[in-house]
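The data block below is coords.txt; it holds compact mmCIF, C-alpha atoms.
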```
# COMPACT_ATOMS: atom_id res chain seq x y z
CA MET Y 1176 89.59 108.67 96.98
CA ILE Y 1177 90.04 105.21 95.47
CA MET Y 1178 92.31 102.54 96.94
CA MET Y 1179 93.40 99.46 95.05
CA ARG Y 1180 96.38 97.24 94.34
CA VAL Y 1181 98.27 97.76 91.10
CA SER Y 1182 101.18 95.91 89.54
CA PRO Y 1183 104.53 97.65 89.00
CA SER Y 1184 104.94 97.79 85.81
CA LEU Y 1185 135.69 94.36 78.16
CA LEU Y 1186 137.36 93.60 79.20
CA ALA Y 1187 141.06 94.43 78.74
CA GLY Y 1188 143.79 91.88 79.11
CA ARG Y 1189 145.38 91.84 82.52
CA SER Y 1190 148.18 89.98 84.11
CA ILE Y 1191 146.61 87.86 86.84
CA ASN Y 1192 148.39 85.71 89.36
CA PHE Y 1193 146.45 82.45 88.99
CA ALA Y 1194 148.00 80.98 92.10
CA SER Y 1195 146.57 83.79 94.22
CA LEU Y 1196 143.12 83.10 92.80
CA ARG Y 1197 143.48 79.43 93.72
CA SER Y 1198 144.20 80.48 97.31
CA LEU Y 1199 141.15 82.73 97.15
CA SER Y 1200 139.13 79.69 96.07
CA THR Y 1201 140.40 77.78 99.10
CA PHE Y 1202 139.32 80.61 101.39
CA PHE Y 1203 135.79 80.86 99.99
CA ILE Y 1204 134.92 77.18 99.81
CA ASN Y 1205 132.36 75.70 102.18
CA PRO Y 1206 133.48 76.22 105.81
CA SER Y 1207 133.13 72.51 106.53
CA GLU Y 1208 135.40 71.62 103.61
CA ARG Y 1209 137.91 74.29 104.59
CA ALA Y 1210 138.01 73.04 108.16
CA ALA Y 1211 138.47 69.48 106.96
CA SER Y 1212 141.34 70.53 104.70
CA ASP Y 1213 143.01 72.16 107.73
CA GLY Y 1214 142.62 69.00 109.78
CA ARG Y 1215 140.14 70.61 112.18
CA GLN Y 1216 136.71 69.52 113.36
CA ALA Y 1217 134.04 71.39 111.38
CA ARG Y 1218 131.43 73.22 113.41
CA VAL Y 1219 128.12 73.52 111.61
CA ARG Y 1220 125.80 76.34 112.62
CA PRO Y 1221 122.36 74.95 113.47
CA ILE Y 1222 119.61 76.35 111.27
CA LYS Y 1223 116.32 77.11 113.01
CA PRO Y 1224 113.71 78.32 110.57
CA LEU Y 1225 111.13 80.71 111.94
CA ASP Y 1226 108.40 78.07 111.60
CA ASN Y 1227 109.92 75.94 114.38
CA HIS Y 1228 110.99 78.55 116.90
CA ASP Y 1229 110.03 77.25 120.33
CA GLY Y 1230 107.25 75.19 118.78
CA ASN Y 1231 105.09 78.27 118.55
CA GLN Y 1232 101.74 77.34 117.08
CA ASN Y 1233 100.79 80.99 116.65
CA LYS Y 1234 103.67 81.50 114.25
CA ALA Y 1235 103.92 84.53 112.05
CA LYS Y 1236 102.82 84.28 108.44
CA ALA Y 1237 103.54 86.58 105.53
CA VAL Y 1238 100.57 88.90 105.03
CA PHE Y 1239 101.78 91.75 102.87
CA TYR Y 1240 104.15 90.10 100.40
CA VAL Y 1241 102.39 88.98 97.21
CA PRO Y 1242 104.18 86.06 95.48
CA LYS Y 1243 105.04 86.78 91.88
CA ALA Y 1244 102.88 83.88 90.70
CA ASP Y 1245 99.80 85.58 92.22
CA ARG Y 1246 100.38 89.06 90.87
CA HIS Y 1247 98.08 88.60 87.90
CA GLU Y 1248 95.24 88.65 90.45
CA ARG Y 1249 96.47 91.39 92.79
CA GLY Y 1250 99.36 93.78 92.66
CA PRO Y 1251 102.13 94.02 95.26
CA PHE Y 1252 101.46 97.62 96.27
CA LEU Y 1253 98.60 99.26 98.12
CA VAL Y 1254 98.10 102.58 96.36
CA GLU Y 1255 95.62 105.41 96.64
CA TYR Y 1256 94.29 107.75 93.98
CA VAL Y 1257 93.59 111.31 95.10
CA LEU Y 1258 92.47 113.82 92.44
CA GLY Y 1259 94.40 111.98 89.74
CA GLU Y 1260 97.59 111.53 91.78
CA THR Y 1261 98.90 108.06 92.58
CA ARG Y 1262 101.01 107.24 95.61
CA LEU Y 1263 101.49 104.48 98.15
CA GLN Y 1264 98.73 104.28 100.71
CA ARG Y 1265 99.61 106.05 103.96
CA VAL Y 1266 99.08 104.07 107.16
CA ASP Y 1267 98.18 107.05 109.36
CA ARG Y 1268 98.51 110.82 109.50
CA LEU Y 1269 102.12 110.59 110.70
CA SER Y 1270 103.25 108.64 107.64
CA PRO Y 1271 105.15 110.55 104.93
CA SER Y 1272 104.13 110.58 101.28
CA ARG Y 1273 105.76 107.81 99.25
CA GLU Y 1274 105.75 107.81 95.48
CA LEU Y 1275 106.15 104.92 93.05
CA ASN Y 1276 108.40 105.08 90.01
CA PHE Y 1277 107.17 107.72 87.61
CA THR Y 1278 105.77 106.77 84.21
CA PRO Y 1279 105.24 109.09 81.20
CA ILE Y 1280 101.57 109.50 82.25
CA GLN Y 1281 102.59 110.54 85.76
CA TRP Y 1282 105.12 113.00 84.36
CA GLU Y 1283 102.36 114.65 82.33
CA LYS Y 1284 100.22 115.11 85.44
CA HIS Y 1285 103.24 116.26 87.42
CA LYS Y 1286 103.90 119.09 84.93
CA SER Y 1287 100.26 119.94 84.27
CA PRO Y 1288 99.37 123.69 84.36
CA TYR Y 1289 96.46 122.68 86.64
CA ARG Y 1290 98.77 121.16 89.23
CA LYS Y 1291 98.53 124.16 91.60
CA LEU Y 1292 94.73 123.97 91.67
CA ARG Y 1293 94.86 120.20 92.18
CA HIS Y 1294 97.38 120.55 95.00
CA LEU Y 1295 95.28 123.21 96.73
CA LEU Y 1296 92.18 121.04 96.57
CA ASN Y 1297 94.20 118.15 97.92
CA MET Y 1298 95.85 120.13 100.72
CA LEU Y 1299 93.80 118.63 103.56
CA ARG Y 1300 95.23 115.22 102.65
CA SER Y 1301 98.82 116.43 102.35
CA SER Y 1302 101.40 114.74 104.54
CA PRO Y 1303 103.00 117.92 105.98
CA LEU Y 1304 99.63 119.38 107.01
CA GLN Y 1305 98.42 116.21 108.71
CA ARG Y 1306 101.73 115.69 110.48
CA LEU Y 1307 101.79 119.29 111.73
CA LEU Y 1308 98.19 119.36 112.96
CA PHE Y 1309 99.24 118.20 116.40
CA PRO Y 1310 101.11 119.46 118.27
CA ASP Y 1311 102.59 122.27 116.12
CA LEU Y 1312 99.52 123.91 114.60
CA PHE Y 1313 97.48 123.13 117.71
CA ILE Y 1314 99.92 125.18 119.80
CA VAL Y 1315 99.84 128.05 117.27
CA THR Y 1316 96.04 127.99 117.43
CA ALA Y 1317 96.01 127.99 121.24
CA VAL Y 1318 98.45 130.90 121.43
CA SER Y 1319 96.54 132.86 118.78
CA VAL Y 1320 93.23 132.37 120.55
CA GLY Y 1321 94.82 133.29 123.89
CA VAL Y 1322 96.41 136.47 122.50
CA THR Y 1323 93.19 137.49 120.76
CA TYR Y 1324 91.06 136.88 123.85
CA TYR Y 1325 93.43 138.74 126.16
CA ASN Y 1326 93.81 141.76 123.88
CA THR Y 1327 90.07 141.92 123.14
CA PHE Y 1328 88.45 141.29 126.53
CA VAL Y 1329 91.12 141.75 129.21
CA ALA Y 1330 93.81 144.26 128.26
CA CYS Y 1331 93.47 147.94 127.64
CA SER Y 1332 95.28 149.87 124.92
CA GLU Y 1333 98.36 150.35 127.11
CA THR Y 1334 98.70 146.68 128.10
CA LEU Y 1335 98.15 144.90 124.79
CA ALA Y 1336 100.23 141.75 124.28
CA HIS Y 1337 102.09 142.25 121.02
CA MET Y 1338 105.55 142.44 119.43
CA SER Y 1339 107.14 144.70 116.85
CA ALA Y 1340 106.22 143.37 113.41
CA GLU Y 1341 109.31 144.96 111.82
CA GLY Y 1342 111.71 143.30 114.22
CA PHE Y 1343 109.92 139.96 113.97
CA ALA Y 1344 110.13 140.07 110.16
CA GLY Y 1345 113.93 139.78 110.33
CA ALA Y 1346 113.65 136.74 112.58
CA THR Y 1347 111.11 135.22 110.19
CA THR Y 1348 113.52 135.61 107.26
CA ALA Y 1349 116.32 133.90 109.21
CA ILE Y 1350 114.01 131.07 110.26
CA ALA Y 1351 112.85 130.51 106.66
CA ILE Y 1352 116.47 130.36 105.46
CA LEU Y 1353 117.27 127.87 108.23
CA ALA Y 1354 114.33 125.65 107.22
CA GLY Y 1355 115.35 125.83 103.55
CA PHE Y 1356 118.92 124.85 104.42
CA ARG Y 1357 117.58 121.90 106.41
CA LEU Y 1358 115.52 120.73 103.44
CA ASN Y 1359 118.41 121.14 101.01
CA ALA Y 1360 120.79 119.12 103.19
CA SER Y 1361 118.22 116.33 103.52
CA TYR Y 1362 117.54 116.28 99.78
CA GLY Y 1363 121.27 115.77 99.22
CA ARG Y 1364 121.04 112.55 101.25
CA TYR Y 1365 117.91 111.50 99.35
CA GLU Y 1366 119.59 112.03 95.97
CA GLU Y 1367 122.72 110.23 97.13
CA CYS Y 1368 120.77 107.14 98.18
CA ARG Y 1369 118.89 107.05 94.89
CA ILE Y 1370 122.27 107.02 93.14
CA PHE Y 1371 123.41 104.12 95.34
CA TRP Y 1372 120.39 102.05 94.34
CA GLY Y 1373 120.94 102.96 90.69
CA ASP Y 1374 124.52 101.70 90.99
CA THR Y 1375 123.27 98.52 92.65
CA ASN Y 1376 120.77 97.98 89.83
CA ASN Y 1377 123.44 98.43 87.15
CA THR Y 1378 125.87 96.14 88.96
CA ILE Y 1379 123.29 93.37 89.38
CA ARG Y 1380 122.59 93.49 85.63
CA ASP Y 1381 126.30 93.38 84.80
CA LEU Y 1382 126.93 90.54 87.24
CA ALA Y 1383 124.01 88.49 85.88
CA GLY Y 1384 125.16 89.04 82.29
CA GLN Y 1385 128.76 88.10 83.04
CA THR Y 1386 127.55 85.04 84.93
CA MET Y 1387 125.73 83.82 81.84
CA MET Y 1388 128.75 84.63 79.67
CA TRP Y 1389 131.53 83.00 81.61
CA MET Y 1390 130.34 80.49 84.19
CA LYS Y 1391 130.37 77.03 82.58
CA GLN Y 1392 128.66 74.95 85.28
CA ALA Y 1393 124.86 75.19 85.16
CA ASP Y 1394 124.47 74.78 88.92
CA GLN Y 1395 126.98 77.57 89.57
CA ARG Y 1396 125.19 79.89 87.15
CA THR Y 1397 121.86 79.15 88.77
CA ARG Y 1398 123.22 79.81 92.25
CA MET Y 1399 124.81 83.10 91.25
CA LEU Y 1400 121.64 84.33 89.53
CA LYS Y 1401 119.61 83.50 92.63
CA LEU Y 1402 122.09 85.45 94.71
CA CYS Y 1403 121.68 88.40 92.33
CA LYS Y 1404 117.94 88.27 93.03
CA ALA Y 1405 118.35 87.75 96.77
CA TYR Y 1406 120.79 90.63 97.26
CA PRO Y 1407 118.35 93.56 96.73
CA VAL Y 1408 115.82 91.81 99.01
CA ALA Y 1409 118.40 91.44 101.76
CA LEU Y 1410 119.57 95.02 101.26
CA MET Y 1411 116.02 96.37 101.41
CA PHE Y 1412 115.25 94.61 104.72
CA HIS Y 1413 118.63 95.74 106.09
CA LEU Y 1414 118.07 99.41 105.29
CA ASN Y 1415 114.38 99.51 106.19
CA ARG Y 1416 113.27 97.65 109.30
CA LYS Y 1417 109.85 96.81 107.83
CA GLY Y 1418 111.32 95.73 104.51
CA CYS Y 1419 109.25 98.55 102.95
CA HIS Y 1420 106.03 96.83 104.04
CA HIS Y 1421 104.95 100.13 105.56
CA ASN Y 1422 101.53 98.79 106.59
CA ILE Y 1423 103.00 96.42 109.17
CA LYS Y 1424 101.93 97.58 112.62
CA ARG Y 1425 104.43 97.62 115.45
CA TYR Y 1426 102.07 95.99 117.92
CA ILE Y 1427 99.06 93.73 117.41
CA PRO Y 1428 97.48 92.15 120.52
CA GLU Y 1429 97.76 88.35 120.76
CA SER Y 1430 99.92 88.19 117.65
CA PRO Y 1431 103.56 87.28 117.03
CA SER Y 1432 106.09 89.98 117.76
CA PHE Y 1433 106.92 92.69 115.24
CA ASP Y 1434 110.32 91.14 114.46
CA GLU Y 1435 108.76 87.73 113.83
CA ARG Y 1436 106.19 89.20 111.44
CA VAL Y 1437 108.93 91.02 109.53
CA GLN Y 1438 110.95 87.79 109.47
CA ALA Y 1439 107.98 85.99 107.95
CA GLU Y 1440 107.75 88.57 105.16
CA PHE Y 1441 111.50 88.24 104.52
CA GLU Y 1442 111.34 84.45 104.33
CA ALA Y 1443 108.32 84.55 102.01
CA GLU Y 1444 110.15 86.87 99.64
CA LEU Y 1445 113.25 84.69 99.60
CA GLN Y 1446 111.07 81.61 99.08
CA ASP Y 1447 109.90 83.18 95.83
CA ILE Y 1448 113.54 83.05 94.68
CA TYR Y 1449 114.37 79.57 96.01
CA SER Y 1450 111.05 77.96 95.12
CA ASP Y 1451 112.71 75.24 93.01
CA GLY Y 1452 114.13 73.58 96.15
CA LYS Y 1453 117.74 73.96 95.01
CA ASP Y 1454 120.41 75.89 96.91
CA GLN Y 1455 118.30 75.47 100.03
CA SER Y 1456 121.39 75.93 102.20
CA ASP Y 1457 121.67 79.52 100.99
CA TYR Y 1458 118.03 80.15 101.84
CA ASP Y 1459 118.44 78.72 105.35
CA ARG Y 1460 121.67 80.64 105.81
CA PHE Y 1461 120.11 84.02 104.97
CA CYS Y 1462 117.00 83.38 107.06
CA GLU Y 1463 119.09 82.46 110.08
CA ILE Y 1464 121.35 85.50 109.73
CA LYS Y 1465 118.30 87.76 109.45
CA TYR Y 1466 116.64 86.11 112.46
CA GLN Y 1467 119.77 86.61 114.56
CA GLY Y 1468 119.94 90.30 113.58
CA GLY Y 1469 123.06 89.84 111.45
CA ASN Y 1470 124.20 91.55 108.28
CA THR Y 1471 122.24 89.69 105.60
CA PRO Y 1472 123.48 91.68 102.54
CA LEU Y 1473 127.07 90.99 103.58
CA GLU Y 1474 126.22 87.29 103.84
CA VAL Y 1475 124.83 87.33 100.29
CA ILE Y 1476 128.02 89.04 99.07
CA THR Y 1477 130.06 86.35 100.82
CA CYS Y 1478 128.06 83.64 99.02
CA MET Y 1479 128.67 85.43 95.71
CA ARG Y 1480 132.41 85.37 96.33
CA GLU Y 1481 132.26 81.72 97.35
CA THR Y 1482 130.57 80.96 94.03
CA ILE Y 1483 133.08 83.02 92.04
CA ALA Y 1484 136.07 81.48 93.80
CA SER Y 1485 134.77 77.94 93.26
CA ASN Y 1486 134.85 78.56 89.49
CA VAL Y 1487 138.62 78.98 89.49
CA ASP Y 1488 139.04 75.19 89.30
CA MET Y 1489 136.18 74.76 86.79
CA GLY Y 1490 137.90 76.10 83.71
CA VAL Y 1491 136.84 79.75 84.00
CA ASP Y 1492 139.62 82.06 82.86
CA ALA Y 1493 141.28 84.00 85.68
CA VAL Y 1494 140.58 87.30 83.91
CA TYR Y 1495 136.86 86.54 83.94
CA VAL Y 1496 136.97 85.56 87.61
CA ARG Y 1497 138.59 88.90 88.34
CA GLU Y 1498 135.88 90.73 86.40
CA LEU Y 1499 133.12 88.94 88.32
CA ASP Y 1500 134.77 89.85 91.62
CA GLU Y 1501 135.02 93.48 90.54
CA GLN Y 1502 131.23 93.57 90.14
CA VAL Y 1503 130.86 92.23 93.67
CA GLN Y 1504 133.23 94.94 94.86
CA ARG Y 1505 130.92 97.53 93.27
CA LEU Y 1506 128.00 96.04 95.21
CA CYS Y 1507 130.02 96.19 98.42
CA ALA Y 1508 130.95 99.84 97.81
CA ALA Y 1509 127.32 100.90 97.24
CA PHE Y 1510 126.27 98.87 100.28
CA GLY Y 1511 128.84 100.56 102.50
CA ALA Y 1512 127.79 104.00 101.27
CA SER Y 1513 124.13 103.17 102.01
CA GLU Y 1514 125.02 102.07 105.54
CA ARG Y 1515 126.89 105.33 106.04
CA VAL Y 1516 123.74 107.33 105.25
CA LEU Y 1517 121.58 105.01 107.36
CA ARG Y 1518 123.76 105.26 110.45
CA THR Y 1519 124.77 108.91 110.23
CA PRO Y 1520 122.01 111.54 110.35
CA LEU Y 1521 122.57 115.24 109.96
CA PRO Y 1522 124.30 116.57 113.09
CA THR Y 1523 121.72 116.04 115.79
CA GLY Y 1524 122.72 119.27 117.53
CA PHE Y 1525 121.68 121.19 114.41
CA THR Y 1526 118.36 119.30 114.27
CA ARG Y 1527 117.58 120.03 117.92
CA HIS Y 1528 118.58 123.68 117.63
CA SER Y 1529 116.47 124.26 114.50
CA SER Y 1530 113.50 122.51 116.13
CA ARG Y 1531 113.73 124.76 119.21
CA LEU Y 1532 114.00 127.92 117.11
CA LEU Y 1533 111.03 126.95 114.96
CA ALA Y 1534 108.94 126.08 118.01
CA LEU Y 1535 109.74 129.44 119.65
CA TRP Y 1536 109.14 131.33 116.38
CA SER Y 1537 105.75 129.74 115.68
CA SER Y 1538 104.64 130.22 119.31
CA THR Y 1539 105.45 133.94 119.27
CA LEU Y 1540 104.18 134.60 115.74
CA PRO Y 1541 100.62 135.57 116.88
CA PHE Y 1542 102.07 138.37 119.05
CA ALA Y 1543 103.72 139.92 115.98
CA LEU Y 1544 100.69 139.47 113.73
CA TYR Y 1545 98.03 140.89 116.10
CA PRO Y 1546 98.80 144.63 115.67
CA ALA Y 1547 98.41 144.37 111.88
CA MET Y 1548 95.84 141.59 111.55
CA GLY Y 1549 93.54 142.36 114.46
CA PRO Y 1550 91.36 139.88 116.35
CA TYR Y 1551 89.78 138.22 113.29
CA LEU Y 1552 92.77 137.58 111.02
CA THR Y 1553 95.50 136.79 113.56
CA LEU Y 1554 94.57 133.10 113.83
CA PRO Y 1555 94.26 132.27 110.07
CA PHE Y 1556 97.42 134.21 109.13
CA ALA Y 1557 99.37 132.60 111.98
CA LEU Y 1558 98.28 129.13 110.85
CA VAL Y 1559 99.10 129.72 107.19
CA THR Y 1560 102.50 131.27 107.91
CA SER Y 1561 103.42 128.54 110.41
CA TYR Y 1562 102.31 125.80 108.01
CA ALA Y 1563 104.45 127.26 105.22
CA VAL Y 1564 107.67 127.39 107.24
CA LEU Y 1565 107.18 124.39 109.51
CA GLY Y 1566 106.14 122.28 106.51
CA ILE Y 1567 109.50 122.94 104.83
CA GLU Y 1568 111.32 121.80 107.95
CA ASP Y 1569 109.11 118.71 108.30
CA LEU Y 1570 109.78 117.67 104.70
CA GLY Y 1571 113.49 117.96 105.45
CA VAL Y 1572 113.14 115.70 108.48
CA GLN Y 1573 111.34 113.07 106.38
CA LEU Y 1574 113.86 113.17 103.54
CA GLU Y 1575 116.73 112.82 106.01
CA GLU Y 1576 115.93 109.07 106.14
CA PRO Y 1577 115.71 108.31 102.39
CA PHE Y 1578 115.23 104.57 102.81
CA ASN Y 1579 111.83 105.23 104.39
CA ILE Y 1580 110.73 107.31 101.38
CA LEU Y 1581 112.25 105.71 98.28
CA PRO Y 1582 110.26 102.86 96.62
CA LEU Y 1583 112.90 100.25 97.45
CA ARG Y 1584 110.45 97.39 96.93
CA GLN Y 1585 109.83 98.50 93.37
CA TYR Y 1586 113.58 98.73 92.77
CA SER Y 1587 114.04 95.21 94.17
CA ASP Y 1588 111.26 93.78 91.98
CA GLY Y 1589 112.82 95.48 88.97
CA MET Y 1590 116.17 93.79 89.63
CA PHE Y 1591 114.46 90.42 90.00
CA ASN Y 1592 112.77 90.89 86.61
CA ASP Y 1593 116.02 92.06 84.98
CA VAL Y 1594 117.95 88.99 86.15
CA THR Y 1595 115.14 86.70 84.98
CA ARG Y 1596 115.17 88.36 81.55
CA ILE Y 1597 118.93 88.02 81.25
CA GLU Y 1598 118.71 84.36 82.26
CA THR Y 1599 115.91 83.45 79.85
CA SER Y 1600 116.94 85.54 76.85
CA TYR Y 1601 120.68 84.88 76.84
CA ASN Y 1602 121.98 82.93 73.83
CA LYS Y 1603 125.57 81.87 73.60
CA TYR Y 1604 127.43 83.36 70.67
CA VAL Y 1605 130.03 80.84 69.65
CA VAL Y 1606 132.64 81.65 67.00
CA ALA Y 1607 134.34 78.69 65.39
CA LYS Y 1608 138.01 78.64 64.53
CA ASP Y 1609 137.29 79.41 60.89
CA GLY Y 1610 135.47 82.62 61.93
CA LYS Y 1611 131.98 81.30 61.22
CA GLN Y 1612 129.29 81.09 63.87
```
Transcribe the structure of this file into structure tokens.
Amino acid sequence: MIMMRVSPSLLAGRSINFASLRSLSTFFINPSERAASDGRQARVRPIKPLDNHDGNQNKAKAVFYVPKADRHERGPFLVEYVLGETRLQRVDRLSPSRELNFTPIQWEKHKSPYRKLRHLLNMLRSSPLQRLLFPDLFIVTAVSVGVTYYNTFVACSETLAHMSAEGFAGATTAIAILAGFRLNASYGRYEECRIFWGDTNNTIRDLAGQTMMWMKQADQRTRMLKLCKAYPVALMFHLNRKGCHHNIKRYIPESPSFDERVQAEFEAELQDIYSDGKDQSDYDRFCEIKYQGGNTPLEVITCMRETIASNVDMGVDAVYVRELDEQVQRLCAAFGASERVLRTPLPTGFTRHSSRLLALWSSTLPFALYPAMGPYLTLPFALVTSYAVLGIEDLGVQLEEPFNILPLRQYSDGMFNDVTRIETSYNKYVVAKDGKQ
């Protein structure tokens, strides 16, 4: 096995009420300005960056995030190569397998006629097997050894501990169907979340392109493009508590708390976007919301709408303002759908019931296998059969939380690169009144 870091590789005319958009602009302007316009005293939220919390000298520092300027020396992902397969490095035996985006080379290996042999040779390193070793397969082993010992050295032919293999076969079929249903339901959630991130990616591209097309003020364009880059970062840390830095440990003696270390990674990633020193108020705003446990993606969406609304008085046509806001609405819809999946698992009663049935089935399996397999084959056949069925159920449990499996960090980096490309490669196409460019 080799471990190393690698780099990741219109509008139709509409009738718009301009006055309503002007009122929208008033609502989304800076809170201090809005309060002043209402004749009230503005209350400014104090910003406390993580660096200064309680004067802590042992403050958390970003360890896992690799700034984009340093990625020519080391890549942002810790990956491992096992028999030609590439995946994110697993922290421990309980971690699930996490893949990176597939490339044509990976697709060739994925469809290779030798894949079955490669997967068999790699089975000892497979995630389901390592996760099931203890306690599931350990219990099956203990029961198998106990049944074999009792039937061989203690019991006589009339008192053998065994079950009817024919009757148990029907139960095994039902259990396998139940495990397959569990996996299928979880895969539906996984596929749904991948679609949400695809929609977010497409919307960010559209929003960045329309920003370059229609926003006339350079500072407003720059702010909106930074928000387009910051949104997937905020969404990733909102949907995954570690921000997809899966190697962060929950507890390290004499170190800052887990939340502070995650906050440091979040601030380092945002700093990569706001490294020019402009729009610092947005950076402070997002860091403070994240530190307080607030809804950071919603805060980014609010800043996007503030920026869009402020362009109403800057000569941007109302139709274009409406189009920009529709892109933000698409982001909000995908965000809400992602939160729905995050906060709503499969019915927990079904999960508990299937877990109990599988535990009872695997624990009684050696009793049904002993009459046919005898003392020497009961244990290996019980382990193989249990691994096959319990592994399906375990994969379903892992896929039920898609945001812990999907390569969200790679998606976020891809959106950052797309917005940068749109910003640097965009050329205005101006048509003069006589029809010539």
Option closest in space to Y:Lys1424, from Y:Val1238, Y:Ala1336, Y:Leu1258, Y:Leu1535 [counting all atoms listed in the file] | Y:Val1238
Selected residue, from Y:Cys1419, Y:Met1390, Y:Ala1344, Y:Leu1445, that lies nearest to Y:Phe1578 when counting all atoms listed in the file |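 Selected residue with least distance to Y:Phe1578: Y:Cys1419.
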Show which residues sit within 8 Å of Y:Tyr1240, as a VMD selection string. Count all atoms listed in the file, and ignore same-chain residues fewer than 4 positions away.
-> chain Y and resid 1251 1420 1440 1443 to 1444
For Y:Met1387: contacts at 9 Å, all atoms listed in the file, fewer than 6 positions along chain excluded, given as a list in words =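 Near Y:Met1387, the qualifying residues are Arg1396, Leu1400, Ile1597, Glu1598, Tyr1601, Asn1602 and Lys1603 of chain Y.
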Name all residues at most 10 Å from Y:Gln1573 (count only C-alpha atoms; drop same-chain ones fewer than 6 positions away) and give them as a list in words.
-> Ser1270, Pro1271, Ser1272, Pro1303, Leu1358, Ser1361, Tyr1362, Tyr1365, Asn1579 and Ile1580 of chain Y
Mind giving me the straight-line distance from atom CA of Y:Asn1376 to atom CA of Y:Arg1596 in Å, one decimal?
->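 For atom CA of Y:Asn1376 relative to atom CA of Y:Arg1596, the distance reads 13.9 Å.
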Between Y:Ser1600, Y:Leu1570, Y:Pro1541, Y:Phe1239, which one has atoms that come closest to Y:Tyr1324, using only C-alpha atoms?
->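 Distance minimum relative to Y:Tyr1324 lands on Y:Pro1541.
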Of the listed residues Y:Arg1531, Y:Arg1380, Y:His1413, Y:His1285, that which approaches Y:Val1503 most closely, counting only C-alpha atoms |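 Ranked by minimum distance to Y:Val1503, first place goes to Y:Arg1380.
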So how many Å separate atom CA of Y:Pro1546 and atom CA of Y:Val1318, to one decimal?
-> 14.9 Å
Selection: 12 Å around Y:Gly1549, all atoms listed in the file, excl. self and same-chain fewer than 2 positions, as a ChimeraX atom specification | /Y:1319-1320,1322-1324,1326-1327,1335-1337,1541-1547,1551-1557
For the atom pair atom CA of Y:Met1388 and atom CA of Y:Asp1492, what is the interatomic distance in Å to one decimal place?
->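 Value for the atom CA of Y:Met1388-atom CA of Y:Asp1492 distance: 11.6 Å.
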Counting all atoms listed in the file, what is within 9 Å of stretch 1473-1480 of chain Y, bar same-chain residues fewer than 4 positions away, as a list in words?
-> Ser1200, Phe1203, Arg1398, Met1399, Leu1402, Cys1403, Ala1405, Tyr1406, Ala1409, Leu1410, Asp1457, Arg1460, Phe1461, Ile1464, Gly1469, Ala1484, Ser1485, Leu1499, Asp1500, Val1503, Gln1504, Leu1506, Cys1507 and Phe1510 of chain Y
